[in-house]
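Step one of this worksheet: look at the structure below.
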Amino acid sequence: MMYEFKVSEMAEEFGVHRNTIRNWINAGTLPAKEGPGRKYLMKFQDYQALCDKFGREPLVRPSSHVDLKTVKQIEKQDVEPLVLGETSSQFVVDASMGDACLTCGSCASACPISGVSGLDPRKIVRMAVLGMDQELLESTWPWKCTMCGKCEEACPANIQIIGLMRKIRGARERDLVPGPIHKGVQMCLERGNNLGIPKDDFVFLCEDLGEELAEESCPGFKTPIDVNGARVLVTVNSKEPFAEPDDMKWWWKIFYSAGESWTISSEHWEGVNWGLFSGDDDAMKIVVGRIVDNMRRLNCKILLLPE
Ligand code: SF4
Ligand code: SF4
């Protein structure tokens, strides 16, 4: 037996937005097919399952004309039992994402890179809900996302968009991850920082800059490396010692003026965790773990991550 309905009727019946019903249909969680006169058709047992899910009795509506050809097509299909909230995508962080997203576009409006390469966060969420995993994997768009979080802030349905981006990134073969990020992660794991700066060079540079600072404007300043018991442990973006070492003096001056107790670790001082950005959870954990070890080793109370 077939059940015939309009999206607006179904939405009213189950107390959800019309878009939610369309999302269920598009995502395949509601196995219905377009029927005649802007109506949809589904097997009655699927409608019954939906009612059970919502703890309500099926509503018997007078059925209008049902196209028998369409019915046969539907009945021939091997339709899986209806399970609300399920999706075939490996990227969906929360199973309710497809049901919860209102397709309002607030995320797309808030995103600074909306429209670049023809995509935006709303489309990415839709693609995930529709199970377009291969297209998402091959798309460069998730790699253009800055993970700024503006989309999530704007989303009225609390969809975890950043988690989705990370999942998409994390699913890529590692040698297909954009070169600099991939190399940065490897370098950090092997040599302690994203640019592979040797420990001795880093310590020498910091001490040298400290002496310059003492001569220039901060009498008595000495770069605090591995100071046990310092209040603040500061991590460093490897770009600074590599390309703009003088920039470090600016925040050192602030600490000096404030009389702060702080230190930099001589090892594993990298503050930019590209495991986070590349969706590589294992790498991310290792880098975070090293910082935690430094905090413990040096007995610091506060961690400062300038990134
Ligand atoms: S803001 Fe949230 S609910 Fe609206 S389209 Fe984006 S993900 Fe969906
Ligand atoms: S986190 Fe990514 S998708 Fe969201 S607003 Fe920022 S750039 Fe756009």
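To be explicit about the labels: the chains of the structure tokens are called A, B, and onward in the order shown, and within each one the residues are counted from 1, while ligands get numbers from 1 in the order they are shown.
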
Hey, which residues sit close to ligand 2? Say within 12 Å, counting only C-alpha atoms and all ligand atoms, and write them as a VMD selection string. chain A and resid 105 to 116 119 to 125 141 to 155 159 to 166 277

Stretch 135-137 of chain A: which residues within 8 Å, counting only C-alpha atoms, same-chain residues fewer than 5 positions away excluded, as an NGL selection string? :A and (124 or 127-128 or 142 or 168-169 or 171-172)

Can I get the selected residues back with N, CA and C atoms, as a PDB file, in the first residue's frame?
```
ATOM      1  N   ILE A 124      28.603  22.616   1.294  1.00  0.00           N
ATOM      2  CA  ILE A 124      29.421  21.506   1.817  1.00  0.00           C
ATOM      3  C   ILE A 124      28.574  20.634   2.761  1.00  0.00           C
ATOM      4  N   MET A 127      26.214  18.625   0.642  1.00  0.00           N
ATOM      5  CA  MET A 127      26.899  17.547  -0.079  1.00  0.00           C
ATOM      6  C   MET A 127      27.175  16.373   0.873  1.00  0.00           C
ATOM      7  N   ALA A 128      27.554  16.708   2.101  1.00  0.00           N
ATOM      8  CA  ALA A 128      27.829  15.640   3.073  1.00  0.00           C
ATOM      9  C   ALA A 128      26.546  14.879   3.394  1.00  0.00           C
ATOM     10  N   PRO A 142      37.398  22.544   0.931  1.00  0.00           N
ATOM     11  CA  PRO A 142      37.628  22.374   2.377  1.00  0.00           C
ATOM     12  C   PRO A 142      39.044  22.779   2.794  1.00  0.00           C
ATOM     13  N   ILE A 168      36.660  15.833   6.400  1.00  0.00           N
ATOM     14  CA  ILE A 168      36.919  15.752   4.956  1.00  0.00           C
ATOM     15  C   ILE A 168      38.434  15.798   4.715  1.00  0.00           C
ATOM     16  N   ARG A 169      39.100  16.719   5.385  1.00  0.00           N
ATOM     17  CA  ARG A 169      40.556  16.816   5.221  1.00  0.00           C
ATOM     18  C   ARG A 169      41.250  15.535   5.681  1.00  0.00           C
ATOM     19  N   ALA A 171      40.263  12.599   5.696  1.00  0.00           N
ATOM     20  CA  ALA A 171      40.026  11.395   4.894  1.00  0.00           C
ATOM     21  C   ALA A 171      40.906  11.353   3.643  1.00  0.00           C
ATOM     22  N   ARG A 172      41.560  12.472   3.320  1.00  0.00           N
ATOM     23  CA  ARG A 172      42.422  12.455   2.120  1.00  0.00           C
ATOM     24  C   ARG A 172      43.658  11.605   2.342  1.00  0.00           C
TER      25      ARG A 172
END
```

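Of note, atom CA of A:Lys33 and atom CA of A:Gln48 are spaced 16.4 Å apart.
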
Please provide as a PyMOL selection string all residues within 12 Å of A:Met10, with the sequence filter that same-chain residues fewer than 4 positions apart are discarded (counting only C-alpha atoms). chain A and resi 3-6+14-22+24-25+30+32+39-42+47+50-51+58-61

Could you pull out the alpha helix (DSSP H) residues of stretch 103-297 of chain A from DSSP and send them as a PyMOL selection string? chain A and resi 106-110+121-129+133-138+141-144+150-154+161-171+179-191+199-216+239-243+248-258+274-278+281-297

How far is it from atom CA of A:Val185 to atom CA of A:Ile291, in Å with one decimal? 15.3 Å

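Taking only C-alpha atoms and all ligand atoms into account, ligand 1 lies nearest to A:Val129 out of the set A:Val129, A:Val236, A:Ile254, A:Leu304.
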
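Each of A:His268, A:Arg126, A:Lys253, A:Arg290 was compared to ligand 1 using only C-alpha atoms and all ligand atoms, and A:Arg126 turns out to be the nearest.
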
Who sits within 8 Å of A:Pro224, only C-alpha atoms, same chain under 6 positions skipped, as a PyMOL selection string: chain A and resi 262-264
